[in-house]
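Trainee: Structure supplied as my_file-v6.cif; contents: mmCIF, C-alpha atoms.
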```cif
data_my_file
#
loop_
_atom_site.group_PDB
_atom_site.id
_atom_site.type_symbol
_atom_site.label_atom_id
_atom_site.label_comp_id
_atom_site.auth_asym_id
_atom_site.auth_seq_id
_atom_site.Cartn_x
_atom_site.Cartn_y
_atom_site.Cartn_z
ATOM 1 C CA LEU A 1 16.001 -3.597 -22.500
ATOM 2 C CA ASN A 2 19.049 -3.009 -20.333
ATOM 3 C CA LEU A 3 17.741 -1.315 -17.195
ATOM 4 C CA PRO A 4 20.453 -0.503 -14.634
ATOM 5 C CA LEU A 5 18.092 -0.797 -11.656
ATOM 6 C CA ALA A 6 19.727 0.669 -8.564
ATOM 7 C CA GLY A 7 16.846 0.354 -6.091
ATOM 8 C CA VAL A 8 13.075 0.234 -5.604
ATOM 9 C CA ALA A 9 10.976 2.325 -3.194
ATOM 10 C CA ILE A 10 7.322 1.337 -2.762
ATOM 11 C CA GLY A 11 5.010 3.802 -1.031
ATOM 12 C CA ASN A 12 1.753 2.531 0.510
ATOM 13 C CA GLY A 13 1.722 -0.293 -2.003
ATOM 14 C CA PHE A 14 -0.919 -2.919 -2.702
ATOM 15 C CA ILE A 15 1.429 -5.875 -3.025
ATOM 16 C CA ASP A 16 -0.378 -8.975 -1.781
ATOM 17 C CA GLN A 17 -4.153 -8.746 -1.464
ATOM 18 C CA GLU A 18 -4.461 -12.058 0.377
ATOM 19 C CA GLU A 19 -2.186 -10.834 3.170
ATOM 20 C CA GLN A 20 -3.109 -7.167 3.262
ATOM 21 C CA MET A 21 -6.857 -7.723 3.564
ATOM 22 C CA LYS A 22 -6.249 -9.371 6.943
ATOM 23 C CA TRP A 23 -5.189 -6.007 8.393
ATOM 24 C CA TYR A 24 -8.193 -3.837 7.571
ATOM 25 C CA ALA A 25 -9.917 -4.821 10.811
ATOM 26 C CA ASP A 26 -6.968 -3.796 12.980
ATOM 27 C CA MET A 27 -6.578 -0.545 11.059
ATOM 28 C CA ALA A 28 -10.296 0.125 11.538
ATOM 29 C CA PHE A 29 -10.339 -0.542 15.287
ATOM 30 C CA LYS A 30 -6.783 -0.578 16.662
ATOM 31 C CA ASN A 31 -4.886 2.030 14.656
ATOM 32 C CA PRO A 32 -2.258 4.106 16.522
ATOM 33 C CA HIS A 33 -4.314 7.291 16.203
ATOM 34 C CA ASP A 34 -7.275 5.754 18.071
ATOM 35 C CA ILE A 35 -9.656 6.665 15.249
ATOM 36 C CA LYS A 36 -12.593 4.246 15.442
ATOM 37 C CA ILE A 37 -13.777 3.361 11.951
ATOM 38 C CA VAL A 38 -15.810 0.540 13.489
ATOM 39 C CA ASP A 39 -17.431 1.250 16.825
ATOM 40 C CA ASP A 40 -17.152 -1.930 18.855
ATOM 41 C CA GLU A 41 -15.557 -5.327 19.297
ATOM 42 C CA TYR A 42 -18.423 -7.086 17.515
ATOM 43 C CA GLU A 43 -17.930 -5.110 14.283
ATOM 44 C CA TYR A 44 -14.183 -5.663 14.585
ATOM 45 C CA GLU A 45 -14.606 -9.450 14.879
ATOM 46 C CA GLN A 46 -17.070 -9.466 11.964
ATOM 47 C CA MET A 47 -14.487 -7.674 9.840
ATOM 48 C CA LYS A 48 -11.799 -10.175 10.887
ATOM 49 C CA GLU A 49 -14.014 -13.095 9.861
ATOM 50 C CA ALA A 50 -14.764 -11.429 6.515
ATOM 51 C CA ALA A 51 -11.037 -10.967 5.941
ATOM 52 C CA GLU A 52 -10.434 -14.690 6.417
ATOM 53 C CA ARG A 53 -13.144 -15.504 3.872
ATOM 54 C CA CYS A 54 -11.720 -12.993 1.413
ATOM 55 C CA ALA A 55 -8.220 -14.359 1.877
ATOM 56 C CA ARG A 56 -9.493 -17.836 1.044
ATOM 57 C CA ASP A 57 -11.166 -16.453 -2.087
ATOM 58 C CA ALA A 58 -7.934 -14.742 -3.133
ATOM 59 C CA HIS A 59 -5.977 -17.952 -2.586
ATOM 60 C CA ALA A 60 -8.491 -19.924 -4.665
ATOM 61 C CA CYS A 61 -8.238 -17.357 -7.476
ATOM 62 C CA LYS A 62 -4.459 -17.644 -7.603
ATOM 63 C CA ARG A 63 -4.521 -21.451 -7.581
ATOM 64 C CA ALA A 64 -7.161 -21.834 -10.290
ATOM 65 C CA THR A 65 -6.112 -22.613 -13.839
ATOM 66 C CA GLU A 66 -7.206 -20.575 -16.829
ATOM 67 C CA GLY A 67 -10.843 -20.654 -17.868
ATOM 68 C CA LEU A 68 -14.303 -19.759 -16.672
ATOM 69 C CA ARG A 69 -13.731 -21.128 -13.167
ATOM 70 C CA LYS A 70 -10.671 -18.918 -12.656
ATOM 71 C CA GLU A 71 -12.525 -15.903 -14.023
ATOM 72 C CA PHE A 72 -15.383 -16.491 -11.568
ATOM 73 C CA LEU A 73 -13.117 -17.063 -8.563
ATOM 74 C CA CYS A 74 -11.003 -14.002 -9.312
ATOM 75 C CA GLN A 75 -14.073 -11.818 -9.822
ATOM 76 C CA LYS A 76 -15.353 -12.951 -6.429
ATOM 77 C CA ALA A 77 -12.004 -12.288 -4.761
ATOM 78 C CA ALA A 78 -11.515 -8.869 -6.369
ATOM 79 C CA GLY A 79 -14.963 -7.698 -5.237
ATOM 80 C CA CYS A 80 -14.648 -9.096 -1.738
ATOM 81 C CA GLU A 81 -12.738 -6.157 -0.322
ATOM 82 C CA GLU A 82 -15.709 -3.795 -0.720
ATOM 83 C CA ILE A 83 -16.981 -4.901 2.698
ATOM 84 C CA PHE A 84 -13.986 -3.255 4.378
ATOM 85 C CA PHE A 85 -14.814 0.174 2.982
ATOM 86 C CA ARG A 86 -18.479 0.397 3.944
ATOM 87 C CA PRO A 87 -17.785 1.696 7.497
ATOM 88 C CA LEU A 88 -15.748 4.559 6.026
ATOM 89 C CA GLU A 89 -18.553 5.427 3.620
ATOM 90 C CA ARG A 90 -21.041 5.533 6.499
ATOM 91 C CA LYS A 91 -18.838 7.934 8.469
ATOM 92 C CA ASN A 92 -17.560 9.881 5.454
ATOM 93 C CA ILE A 93 -13.927 9.037 6.237
ATOM 94 C CA SER A 94 -11.287 9.161 3.516
ATOM 95 C CA VAL A 95 -9.763 5.805 2.605
ATOM 96 C CA TYR A 96 -6.489 7.645 1.960
ATOM 97 C CA ASP A 97 -6.312 9.471 5.289
ATOM 98 C CA ILE A 98 -8.529 8.370 8.161
ATOM 99 C CA SER A 99 -8.111 11.728 9.897
ATOM 100 C CA LYS A 100 -9.931 13.519 7.061
ATOM 101 C CA PRO A 101 -13.414 13.440 5.517
ATOM 102 C CA CYS A 102 -13.894 12.066 2.024
ATOM 103 C CA ILE A 103 -14.078 14.982 -0.429
ATOM 104 C CA GLY A 104 -15.043 14.321 -4.035
ATOM 105 C CA PRO A 105 -14.968 11.063 -6.011
ATOM 106 C CA LEU A 106 -11.347 10.323 -5.054
ATOM 107 C CA CYS A 107 -11.687 11.455 -1.406
ATOM 108 C CA GLU A 108 -8.768 13.853 -1.991
ATOM 109 C CA ASP A 109 -8.369 17.304 -3.514
ATOM 110 C CA MET A 110 -5.924 16.586 -6.327
ATOM 111 C CA THR A 111 -5.873 20.172 -7.638
ATOM 112 C CA PRO A 112 -2.382 21.113 -6.346
ATOM 113 C CA ILE A 113 -0.763 17.959 -7.764
ATOM 114 C CA THR A 114 -2.623 18.220 -11.069
ATOM 115 C CA THR A 115 -1.696 21.891 -11.458
ATOM 116 C CA PHE A 116 1.975 21.272 -10.647
ATOM 117 C CA LEU A 117 2.425 18.264 -12.919
ATOM 118 C CA ASN A 118 0.797 20.044 -15.857
ATOM 119 C CA LEU A 119 3.045 23.089 -15.646
ATOM 120 C CA ASN A 120 5.250 23.432 -18.725
ATOM 121 C CA THR A 121 8.271 23.817 -16.461
ATOM 122 C CA THR A 122 7.469 20.509 -14.724
ATOM 123 C CA LYS A 123 6.964 18.701 -18.011
ATOM 124 C CA ASP A 124 10.208 20.103 -19.342
ATOM 125 C CA ALA A 125 12.128 18.984 -16.236
ATOM 126 C CA LEU A 126 10.686 15.464 -16.575
ATOM 127 C CA ASN A 127 11.120 15.306 -20.373
ATOM 128 C CA VAL A 128 7.360 14.956 -20.851
ATOM 129 C CA PRO A 129 5.988 16.144 -24.225
ATOM 130 C CA PRO A 130 4.128 19.460 -23.815
ATOM 131 C CA ASP A 131 0.917 18.068 -25.353
ATOM 132 C CA VAL A 132 0.604 15.318 -22.706
ATOM 133 C CA THR A 133 -1.793 16.029 -19.835
ATOM 134 C CA TRP A 134 -1.422 14.373 -16.444
ATOM 135 C CA LYS A 135 -4.559 12.913 -14.822
ATOM 136 C CA ASP A 136 -4.908 11.529 -11.307
ATOM 137 C CA CYS A 137 -6.771 8.396 -12.433
ATOM 138 C CA ASP A 138 -7.079 7.228 -16.025
ATOM 139 C CA GLU A 139 -9.933 4.772 -16.515
ATOM 140 C CA ARG A 140 -8.342 3.502 -19.737
ATOM 141 C CA VAL A 141 -5.482 2.162 -17.635
ATOM 142 C CA ASN A 142 -7.774 0.945 -14.869
ATOM 143 C CA ARG A 143 -9.940 -1.068 -17.276
ATOM 144 C CA ARG A 144 -6.911 -2.994 -18.524
ATOM 145 C CA TRP A 145 -6.437 -4.559 -15.096
ATOM 146 C CA SER A 146 -8.193 -7.912 -14.877
ATOM 147 C CA ASP A 147 -9.640 -9.319 -11.653
ATOM 148 C CA ALA A 148 -6.732 -11.781 -11.608
ATOM 149 C CA ASP A 149 -4.294 -8.851 -11.796
ATOM 150 C CA ARG A 150 -5.920 -7.212 -8.782
ATOM 151 C CA VAL A 151 -5.624 -10.366 -6.698
ATOM 152 C CA ALA A 152 -2.118 -11.339 -7.834
ATOM 153 C CA ASN A 153 0.726 -11.534 -5.329
ATOM 154 C CA PHE A 154 3.665 -9.361 -6.378
ATOM 155 C CA ALA A 155 5.776 -10.152 -3.301
ATOM 156 C CA PRO A 156 7.859 -12.829 -5.092
ATOM 157 C CA TYR A 157 9.152 -10.165 -7.481
ATOM 158 C CA ILE A 158 10.348 -8.130 -4.504
ATOM 159 C CA SER A 159 12.026 -11.223 -3.047
ATOM 160 C CA GLU A 160 13.800 -11.769 -6.349
ATOM 161 C CA LEU A 161 15.124 -8.200 -6.316
ATOM 162 C CA LEU A 162 16.326 -8.600 -2.739
ATOM 163 C CA ASP A 163 18.121 -11.855 -3.551
ATOM 164 C CA ASP A 164 19.873 -9.997 -6.373
ATOM 165 C CA GLU A 165 21.111 -7.426 -3.811
ATOM 166 C CA ILE A 166 18.850 -4.631 -5.106
ATOM 167 C CA PRO A 167 17.958 -2.225 -2.247
ATOM 168 C CA VAL A 168 14.217 -2.116 -1.490
ATOM 169 C CA LEU A 169 12.383 0.397 0.687
ATOM 170 C CA ILE A 170 8.741 -0.224 1.599
ATOM 171 C CA TYR A 171 7.269 2.852 3.285
ATOM 172 C CA SER A 172 3.760 3.653 4.473
ATOM 173 C CA GLY A 173 1.986 6.626 5.965
ATOM 174 C CA ASP A 174 0.159 5.412 9.070
ATOM 175 C CA LEU A 175 -3.060 7.332 8.364
ATOM 176 C CA ASP A 176 -3.700 5.525 5.085
ATOM 177 C CA TYR A 177 -6.412 2.876 5.233
ATOM 178 C CA ILE A 178 -6.654 1.446 1.742
ATOM 179 C CA CYS A 179 -2.990 0.336 1.599
ATOM 180 C CA ASN A 180 -2.306 0.652 5.303
ATOM 181 C CA TYR A 181 1.040 0.344 7.040
ATOM 182 C CA MET A 182 -0.046 -2.738 9.007
ATOM 183 C CA GLY A 183 -0.617 -4.736 5.825
ATOM 184 C CA ASN A 184 2.533 -3.416 4.178
ATOM 185 C CA ARG A 185 4.560 -4.299 7.269
ATOM 186 C CA ALA A 186 3.088 -7.804 7.264
ATOM 187 C CA VAL A 187 4.081 -8.236 3.607
ATOM 188 C CA ALA A 188 7.634 -7.051 4.352
ATOM 189 C CA LEU A 189 7.950 -9.496 7.248
ATOM 190 C CA LYS A 190 6.592 -12.356 5.145
ATOM 191 C CA LEU A 191 8.962 -11.881 2.183
ATOM 192 C CA ASP A 192 10.807 -15.056 1.276
ATOM 193 C CA TRP A 193 14.434 -14.135 0.598
ATOM 194 C CA LYS A 194 17.900 -15.129 1.715
ATOM 195 C CA HIS A 195 18.099 -12.598 4.555
ATOM 196 C CA GLY A 196 14.425 -12.798 5.511
ATOM 197 C CA ASP A 197 15.118 -14.263 8.951
ATOM 198 C CA ASP A 198 17.555 -11.459 9.712
ATOM 199 C CA PHE A 199 14.934 -8.880 8.775
ATOM 200 C CA ARG A 200 12.267 -10.588 10.882
ATOM 201 C CA SER A 201 14.550 -10.688 13.930
ATOM 202 C CA ALA A 202 15.650 -7.046 13.529
ATOM 203 C CA GLU A 203 14.243 -4.507 15.981
ATOM 204 C CA ASP A 204 11.972 -1.584 15.193
ATOM 205 C CA HIS A 205 13.638 1.731 15.962
ATOM 206 C CA ASP A 206 12.966 5.451 15.815
ATOM 207 C CA TRP A 207 13.603 7.142 12.497
ATOM 208 C CA ASN A 208 14.546 10.788 11.905
ATOM 209 C CA GLY A 209 13.893 12.062 15.413
ATOM 210 C CA GLY A 210 10.284 10.978 15.751
ATOM 211 C CA GLY A 211 9.411 11.037 12.070
ATOM 212 C CA GLY A 212 8.615 7.361 11.909
ATOM 213 C CA LEU A 213 9.396 3.796 12.920
ATOM 214 C CA ALA A 214 11.905 1.796 10.893
ATOM 215 C CA ARG A 215 13.115 -1.780 10.603
ATOM 216 C CA SER A 216 15.973 -2.745 8.327
ATOM 217 C CA SER A 217 18.380 -5.535 7.559
ATOM 218 C CA HIS A 218 20.790 -5.979 4.653
ATOM 219 C CA ASN A 219 19.093 -4.399 1.602
ATOM 220 C CA LEU A 220 15.482 -4.241 2.867
ATOM 221 C CA ALA A 221 13.956 -1.448 4.925
ATOM 222 C CA PHE A 222 10.397 -0.904 6.116
ATOM 223 C CA LEU A 223 9.363 2.556 7.289
ATOM 224 C CA GLN A 224 6.141 3.625 9.000
ATOM 225 C CA VAL A 225 5.859 7.370 8.454
ATOM 226 C CA TYR A 226 3.958 9.078 11.246
ATOM 227 C CA ASP A 227 0.969 11.334 10.526
ATOM 228 C CA ALA A 228 0.951 10.743 6.766
ATOM 229 C CA GLY A 229 -1.754 9.309 4.559
ATOM 230 C CA HIS A 230 -1.605 7.456 1.254
ATOM 231 C CA MET A 231 0.607 10.114 -0.332
ATOM 232 C CA VAL A 232 3.471 10.577 2.096
ATOM 233 C CA PRO A 233 5.265 13.376 0.166
ATOM 234 C CA GLN A 234 2.083 15.449 0.147
ATOM 235 C CA ASP A 235 1.393 15.038 3.872
ATOM 236 C CA GLN A 236 4.941 15.018 5.246
ATOM 237 C CA PRO A 237 7.138 16.647 2.590
ATOM 238 C CA GLU A 238 10.188 17.223 4.816
ATOM 239 C CA GLN A 239 10.152 13.644 6.116
ATOM 240 C CA ALA A 240 9.636 12.331 2.586
ATOM 241 C CA LEU A 241 12.593 14.315 1.261
ATOM 242 C CA THR A 242 14.832 13.019 4.045
ATOM 243 C CA MET A 243 13.611 9.485 3.386
ATOM 244 C CA ILE A 244 14.238 9.509 -0.355
ATOM 245 C CA ARG A 245 17.621 11.202 -0.003
ATOM 246 C CA GLN A 246 18.612 8.608 2.572
ATOM 247 C CA PHE A 247 17.533 5.812 0.237
ATOM 248 C CA LEU A 248 19.238 7.259 -2.843
ATOM 249 C CA ASN A 249 22.456 7.804 -0.902
ATOM 250 C CA GLY A 250 22.449 4.194 0.312
ATOM 251 C CA GLU A 251 22.310 5.213 3.966
ATOM 252 C CA PRO A 252 20.890 2.692 6.467
ATOM 253 C CA PHE A 253 17.435 3.239 7.932
#
```
Go ahead and express the file in the form of structure tokens.

Mentor:
Amino acid sequence: LNLPLAGVAIGNGFIDQEEQMKWYADMAFKNPHDIKIVDDEYEYEQMKEAAERCARDAHACKRATEGLRKEFLCQKAAGCEEIFFRPLERKNISVYDISKPCIGPLCEDMTPITTFLNLNTTKDALNVPPDVTWKDCDERVNRRWSDADRVANFAPYISELLDDEIPVLIYSGDLDYICNYMGNRAVALKLDWKHGDDFRSAEDHDWNGGGGLARSSHNLAFLQVYDAGHMVPQDQPEQALTMIRQFLNGEPF
């Protein structure tokens, strides 16, 4: 398959579980919106310690060879993250936007998106067959992910793209908890590529007149989008449109 890939934009991604789990505690207690998901320093430290244990489990899963031992280690690692979501359940806080309550099984009202994507005009514009129905979460797809898949580190693939001069944008709404901007930023800073040191030494700067905080170098950009949850275009449509136009036009962040 000849795919003329011109760039990759990743929004609130779950890229490297081992790294991103380390940032749930800070997002729960030290997020920029001062929303306390955990109530005190003790709970915060407990969450930090749990993150270190979970990171070790994830590392062991990735190092294990095929077989029953790997299956066990990966199952343990994949289930470890549940501890980080219990405080949100107790307070009825959405994992996708910590400023909102959790509504329904997905913590979000997906009606507007579902309605729009299933319009015949939308399907026609996207070349989707009229008999195909869009669903927010398809369990048939979800069940095909193994525990090892959920723990896998996809950062090396991003590094490979960067080394091949493919532009990459990693952006995150700073109200999202489940794939929070702190963890995504840490992944971006940790990427092993030929201009990685330049990116790490670059300065954070204002983006789009107070719309966010950006860091960029060569063909990598990281963008923290202010006051947006897991789905940036839904929460900040004007900022999202500016962002994607900027990326598609090859303009620096």

Trainee: Taking only residues of range 110-178 of chain A that have an atom at most 9 Å from an atom of range 221-234 of chain A, what is each one's shortest atom pair and its distance in Å to one decimal, using only C-alpha atoms, in chain and number order, as a Markdown table?

Mentor:
```
| residue | atom | partner | partner_atom | distance |
| --- | --- | --- | --- | --- |
| A:Ile113 | CA | A:Gln234 | CA | 8.8 |
| A:Pro167 | CA | A:Ala221 | CA | 8.2 |
| A:Val168 | CA | A:Ala221 | CA | 6.5 |
| A:Leu169 | CA | A:Ala221 | CA | 4.9 |
| A:Ile170 | CA | A:Phe222 | CA | 4.9 |
| A:Tyr171 | CA | A:Leu223 | CA | 4.5 |
| A:Ser172 | CA | A:Gln224 | CA | 5.1 |
| A:Gly173 | CA | A:Ala228 | CA | 4.3 |
| A:Asp174 | CA | A:Tyr226 | CA | 5.7 |
| A:Leu175 | CA | A:Gly229 | CA | 4.5 |
| A:Asp176 | CA | A:Gly229 | CA | 4.3 |
| A:Tyr177 | CA | A:His230 | CA | 7.7 |
| A:Ile178 | CA | A:His230 | CA | 7.9 |
```

Trainee: Take the residues just selected and output them with C-alpha atoms as a JSON list (two decimals), in the coordinates of the input.

Mentor:
```json
[["chain", "number", "residue", "atom", "x", "y", "z"],
["A", 113, "ILE", "CA", -0.76, 17.96, -7.76],
["A", 167, "PRO", "CA", 17.96, -2.22, -2.25],
["A", 168, "VAL", "CA", 14.22, -2.12, -1.49],
["A", 169, "LEU", "CA", 12.38, 0.40, 0.69],
["A", 170, "ILE", "CA", 8.74, -0.22, 1.60],
["A", 171, "TYR", "CA", 7.27, 2.85, 3.28],
["A", 172, "SER", "CA", 3.76, 3.65, 4.47],
["A", 173, "GLY", "CA", 1.99, 6.63, 5.96],
["A", 174, "ASP", "CA", 0.16, 5.41, 9.07],
["A", 175, "LEU", "CA", -3.06, 7.33, 8.36],
["A", 176, "ASP", "CA", -3.70, 5.52, 5.08],
["A", 177, "TYR", "CA", -6.41, 2.88, 5.23],
["A", 178, "ILE", "CA", -6.65, 1.45, 1.74]]
```

Trainee: Run through the PyMOL selection byres ((chain A and resi 74) around 9) on the given coordinates and return the selected residues as a PyMOL selection string.

Mentor: chain A and resi 57-58+60-62+64+69-73+75-79+146-151

Trainee: For CA of Ala55 in chain A and CA of Glu18 in chain A, determine how far apart the two atoms are, in Å to one decimal place.

Mentor: 4.7 Å

Trainee: Around (-18.0, -7.5, 8.9) in the file's own coordinates, what residues are found within 12 Å if you use all atoms listed in the file, given back as a PyMOL selection string?

Mentor: chain A and resi 24-25+28+38-54+80-87

Trainee: Nearest to Lys190 in chain A: which of A:Thr65, A:Gln20, A:Gln246, A:Asn2 is it, counting all atoms listed in the file?

Mentor: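 Closest to Lys190 in chain A of all the choices is A:Gln20.
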
Trainee: Name the closest residue to Leu161 in chain A among the candidates A:Trp193, A:Phe116, A:Phe253, A:Trp23; distances are taken between atoms, counting all atoms listed in the file.

Mentor: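 Checking each of A:Trp193, A:Phe116, A:Phe253, A:Trp23 against Leu161 in chain A, counting all atoms listed in the file, the winner is A:Trp193.
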
Trainee: Of the residues A:Arg90, A:Ala202, A:Thr121, A:Gly11, which is the one nearest to Ile244 in chain A, using all atoms listed in the file?

Mentor: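 That would be A:Gly11, the residue with the smallest distance to Ile244 in chain A.
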
Trainee: Looking at all atoms listed in the file, which of A:Cys137, A:Ser217, A:Asp164, A:Gln236 is the one that sits closest to Pro252 in chain A?

Mentor: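 The closest residue to Pro252 in chain A is A:Ser217.
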
Trainee: One decimal, Å: what's the distance from CA of Trp134 in chain A over to CA of Cys107 in chain A, could you say?

Mentor: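 Distance between the two atoms: 18.4 Å.
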
Trainee: Using 4 Å of padding on each side, determine the axis-aligned box around all atoms of range 60-70 of chain A present in the file and give its centre and edge lengths in Å to one decimal, as AutoDock Vina command-line options.

Mentor:
```
--center_x -9.4 --center_y -20.0 --center_z -11.3 --size_x 17.8 --size_y 13.3 --size_z 21.2
```

Trainee: State, in Å with one decimal place, the distance from CA of Leu3 in chain A to CA of Glu160 in chain A.

Mentor: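 CA of Glu160 in chain A lies 15.6 Å from CA of Leu3 in chain A.
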
Trainee: With the PyMOL selection byres ((chain A and resi 117) around 12) as the selection, what would be picked from this file? Answer as a list in words, please.

Mentor: Met110, Thr111, Pro112, Ile113, Thr114, Thr115, Phe116, Asn118, Leu119, Asn120, Thr121, Thr122, Lys123, Asp124, Ala125, Leu126, Asn127, Val128, Pro130, Val132, Thr133, Trp134, Lys135 and Asp136 of chain A

Trainee: Save out the residues we just selected, C-alpha atoms, as an mmCIF file, in the coordinates of the input.

Mentor:
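And here is the file that came out, out-v4.cif:
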```
data_model
loop_
_atom_site.group_PDB
_atom_site.id
_atom_site.type_symbol
_atom_site.label_atom_id
_atom_site.label_comp_id
_atom_site.auth_asym_id
_atom_site.auth_seq_id
_atom_site.Cartn_x
_atom_site.Cartn_y
_atom_site.Cartn_z
ATOM 1 C CA MET A 110 -5.924 16.586 -6.327
ATOM 2 C CA THR A 111 -5.873 20.172 -7.638
ATOM 3 C CA PRO A 112 -2.382 21.113 -6.346
ATOM 4 C CA ILE A 113 -0.763 17.959 -7.764
ATOM 5 C CA THR A 114 -2.623 18.220 -11.069
ATOM 6 C CA THR A 115 -1.696 21.891 -11.458
ATOM 7 C CA PHE A 116 1.975 21.272 -10.647
ATOM 8 C CA ASN A 118 0.797 20.044 -15.857
ATOM 9 C CA LEU A 119 3.045 23.089 -15.646
ATOM 10 C CA ASN A 120 5.250 23.432 -18.725
ATOM 11 C CA THR A 121 8.271 23.817 -16.461
ATOM 12 C CA THR A 122 7.469 20.509 -14.724
ATOM 13 C CA LYS A 123 6.964 18.701 -18.011
ATOM 14 C CA ASP A 124 10.208 20.103 -19.342
ATOM 15 C CA ALA A 125 12.128 18.984 -16.236
ATOM 16 C CA LEU A 126 10.686 15.464 -16.575
ATOM 17 C CA ASN A 127 11.120 15.306 -20.373
ATOM 18 C CA VAL A 128 7.360 14.956 -20.851
ATOM 19 C CA PRO A 130 4.128 19.460 -23.815
ATOM 20 C CA VAL A 132 0.604 15.318 -22.706
ATOM 21 C CA THR A 133 -1.793 16.029 -19.835
ATOM 22 C CA TRP A 134 -1.422 14.373 -16.444
ATOM 23 C CA LYS A 135 -4.559 12.913 -14.822
ATOM 24 C CA ASP A 136 -4.908 11.529 -11.307
#
```

Trainee: Restricting the calculation to only C-alpha atoms: of A:Gly67, A:Pro32, A:Gly7, A:Gly209, which residue gets closest to Leu248 in chain A?

Mentor: A:Gly7

Trainee: Taking into account all atoms listed in the file, which residue in the set A:Arg63, A:Arg245, A:Arg215, A:Lys36 is nearest to Ala9 in chain A?

Mentor: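 When distances to Ala9 in chain A are compared using all atoms listed in the file, the smallest one comes from A:Arg245.
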
Trainee: Using all atoms listed in the file, which residues sit within 9 Å of Ile37 in chain A once same-chain residues fewer than 3 positions away are excluded, as a count of residues only?

Mentor: 8
